[in-house]
Amino acid sequence: MALALYRKYRPATFAEVVGQEHVTEPLRTALAAGRINHAYLFSGPRGCGKTSSARIMARSLNCERGPTPDPCGVCNSCVNLAPEGAGSVDVVELDAASHGGVDDTRELRDRAFYAPAESRYRVFIIDEAHMVTTQGFNALLKIVEEPPEHLIFIFATTEPEKVLGTIRSRTHHYPFRLIPPGAMRALIERNCVDEGVAVEPAVFPLVIRAGGGSARDTQSVLDQLLAGAGPGGVTYDRAISLLGVTDVALIDDAVDALAAGDGAEVFGVVDRLVEAGHDPRRFAADLLDRLRDLVLLAAVPEAIQRGLIDVPEEQLTRMSAQVERLGPGTLTRFAEIVHTGLTEMRGATAPRLVLELLCARMLLPSVSDAESALLQRLERLERRATVAAPVSAAEAGLQAAVAQAPAAQAPAAQAPAVQAPVAQASGAQAPAGDRPTFQRRSQQPEAPAAAPPAPAPAAPQRPAQPPAAAPQPAEAPAQRPAEPPAAAWPATHSAEAQASAPPAAQPGPAAQPAVPAAAPTVAAGGLDAAALRRVWSELLAAVRGKSRSTEAMLTNAIVQSVDGETVVLTHTAEPLARRLSDSRNAEVIAEALTSVVGGRWRVTCVHGDAAPAAPSGGNGGARPAQAKQPLTRPSQGNRPVAEPAPAPAPTPAPLPEPDIPLPPEPDEPEDTEAMIAESTALDESVVIRNNHEESTIALVTQHLGARRIEKG
C-alpha cells in the first residue's frame, strides 16, 4: 500500500517546515541559546505543521548533541523520533479528542513524575488540547504550573481560546498560520518531481485553492490527482472534473458578459453551469475569487510579480483585458454582491434562483442608491463617453463652422447633422441671426428652370446669407413631402414669421460637398435600439432632473427604433404620444439622451405600433404626397409670432409669395381628426403653454383626475 504524501513528506527538522518561519526561527534561536520553557502552546489551522513541529521540538531536545535546533538524525533518539520512526517511551502523544476526560489527565499526571528512561526530557504532546474538559485542565493545572525539571508539555490546538486561561497563561504561545500560495506551490512541485509525475502548470492553482492553505489538505488533493494520472500526467481537464471546480472558460464568459452588460449571455452561462451539473454555490465562490484577482490586478498592475495573485501566464492577458473593461468601482460592487449572495445561498432551497438574482443585481446598478452603484454608473458613462467622443467632436466642429462662417454653404449631404441642433433649439424663440432657420422647399423662391435639380434635400441656411450665383430650382409639389413629418420635426415658427423672414439662397450643383452622406447619420457611439433600452433607466433619471412632467409621460414609452440621429419612441396613449412629440418635451428628452450617451439627437414619439418617422436626410422622397404638413397643426395658432431679426445692410427684399401654387389641402387623417376633436373637448388650459407650472397642473388635471385647490 502506498504511503500518503502528507506522511511521506512530513518535515523532520525545523528547516523543512514550510511557511512557518515566524515560529520556527524563534524556536531555533531559543534551542541554540538553551532558553527552554516547561510548556508550549502551538495553535493554528489544521494541517499547517503544529503536531509535526511538536515532534521536531521533542527530537531536538533529546538529541545526543542537543538541545540543538538541528537534530543529527543518526542517534537513537533522532532515529526513533523520525517521521516514520518507532517512537520513544519518553515522548508521549495524547489525543485529547478521545482522551480528554478527568481520568485520562489524572493518569497522565501520575506518569509525569517518573524520570525519563533513556532521554534527556520527558515530553508530553497533547493534541487537540481544546477538547480537554474543564475538570481535566484543573487536574493538570498544578503540574503544569510547577513541573519537574525533566518534564515539558506541548499543547497543540486549533482553538486556543478554548484552552483554560490558567493553563494558557503558563505556556509560550506560538501561533501557526496558513501557508501562502507561493510557498505551497514550491512544496507540491517538489513532491511531483520526487514522485516522477508530470503535472500541467494550470493544475497547481486548482490544487492550492482546494487545499485552502493547509499543507496536509493540499498534499491529500495532489495525492488523489497523482493516483488517477494517465500516461500524460495530470491534465487540467482531469483536475477540474475530479475537484469539481468551475471551468475557467465559464468564469471568463461570465465576467465578459457582465462587462458588456449582456444579460442574455450572463443567464446563458448560469444555464450552462446547471446543465453541466456544477454547484451554483461553487460557481459563486469561484467567481468571487476571480473578482478578487481582478480587483488586485486593477489596483496593483504588477500583482503577479509581487505574488498577490497566482494565475497561469496565458490567463493573465485575458484578465488584463477584463480589468480595462471593468473599473475598480464596478469590480468592487460585483465582489460585494457575490459575497452577499454566497451568504444567502447557505441553506437556500433554490441556489440557482439566488445566483440569477445576484447576477441581475450586478447588471442593474440603477436599482440601488448605494455609493458603489453610483460609482459603477459613473464608470459606465465614462466608458460610453470615450466611445462616443470622436462623433461628438465632429458634430461640435460642424456647429462651430456654421456659427463662425455665416456666408458658408452647408453641404447637402450633411443636412441631418445640421438639423439636429436646430431641432433641439426649436423650443426657444431666439433672434434669427443667432441660430439657423429651417425653411420648407415650398417657401423657397423660384429658380431658373435651366439648372438641374439637386438629388438631395437642401440644408438649412442662415437668414442673412447672400444669394448664390446659381440657385437651385424649386422642386415639384410631388417631391415636397420629403421634408420631415410633423411628429419628427416640430415646427417652431408660425407662418407669419416665416413669411417675414429674409430670403435664403440655395446652393447650386457646384457646391455639392465631397463628404460621404452616410457619415452624419451614424448614431453616437454606434448606439442602436437595444443599447438604448439598456440605458433607459439612466435616461429617465436624466429627464427627471430636467422636467418631472416629461419624465412622467415618458415612463411608459418604449424605444421603437434608432435611425441615424433620430430616436423613435412609441406610447400606448395617443395624447401622451403627441405631447412627447411636442418641441419642448422632445428637446428635454434629446438633451437628456445627449447627457447619457453623448452625440446630438432628435426625438419623436408615435402612438401604438405606428411605423417610425423617417429622418429628414433619409428616404423622404418615398413618402406619399398626402403626408401631413408640419406647419398646419392646430396648436400653431397659439404660439407667439417670432420677431424678424435685423439683417445686415443691405436688407434684402421680403420673401415674395411663391409662384408655384401649394397643393390642395389633403383630407384630415384619422389621427388628425381625433386630435382636433380632443382639442375642442379639452379645456382651454390644456393648450401647450410656455409656463412650465401651468402645463404640469393641466397634465395632472386632465389625465390623472386631480382637482386644483384654489388658494383662498
# chains A, B, ... in the order shown; residues from 1 in each chain; ligands from 1
>>> residues_around(residues="Gln20 in chain A", least_positions_apart="5", cutoff="8 Å", atoms="only C-alpha atoms", output="PyMOL selection string")
chain A and resi 176-177+179
>>> residues_around(residues="Val266 in chain A", least_positions_apart="3", cutoff="6 Å", atoms="only C-alpha atoms", output="ChimeraX atom specification")
/A:254,257,263,269
>>> closest_residue(among="A:Met131, A:Leu316, A:Ala529, A:Cys192", to="Lys162 in chain A", atoms="only C-alpha atoms")
A:Met131
>>> residues_around(residues="Ile143 in chain A", least_positions_apart="2", cutoff="12 Å", atoms="only C-alpha atoms", output="list in words")
His38, Ala39, Thr105, Arg106, Leu108, Arg109, Asp110, Arg111, Ala112, Phe113, Phe137, Asn138, Ala139, Leu140, Leu141, Glu145, Glu146, Pro147, Pro148, Glu149, Leu151, Ile152, Phe153, Ile167 and Arg170 of chain A
>>> write_last_selection(atoms="C-alpha atoms", output="CSV table (one decimal), in the first residue's frame")
chain,number,residue,atom,x,y,z
A,38,HIS,CA,8.5,23.9,30.6
A,39,ALA,CA,5.3,24.4,28.5
A,105,THR,CA,-5.5,13.6,32.7
A,106,ARG,CA,-5.1,12.1,36.2
A,108,LEU,CA,-1.1,11.5,32.7
A,109,ARG,CA,-0.3,13.5,35.8
A,110,ASP,CA,0.7,10.4,37.7
A,111,ARG,CA,3.1,9.2,34.9
A,112,ALA,CA,4.7,12.6,34.6
A,113,PHE,CA,6.6,12.4,37.9
A,137,PHE,CA,-7.5,21.0,32.8
A,138,ASN,CA,-7.9,21.5,36.5
A,139,ALA,CA,-6.3,18.2,37.2
A,140,LEU,CA,-3.3,19.3,35.1
A,141,LEU,CA,-3.1,22.8,36.4
A,145,GLU,CA,2.4,25.3,36.9
A,146,GLU,CA,5.3,23.6,38.8
A,147,PRO,CA,6.5,20.7,36.7
A,148,PRO,CA,9.6,18.6,37.4
A,149,GLU,CA,12.8,19.7,35.7
A,151,LEU,CA,9.1,17.4,32.1
A,152,ILE,CA,8.0,19.5,29.2
A,153,PHE,CA,4.4,20.0,28.0
A,167,ILE,CA,-3.1,26.8,31.5
A,170,ARG,CA,1.7,29.4,31.8
>>> closest_residue(among="A:Leu206, A:Val543, A:Leu576, A:Ile188", to="Asp223 in chain A", atoms="only C-alpha atoms")
A:Ile188
>>> residues_around(residues="Gln322 in chain A", least_positions_apart="4", cutoff="8 Å", atoms="only C-alpha atoms", output="PyMOL selection string")
chain A and resi 255-256+259+294+318+326
>>> atom_distance(atom1="CA of Ile558 in chain A", atom2="CA of Leu539 in chain A")
12.1 Å
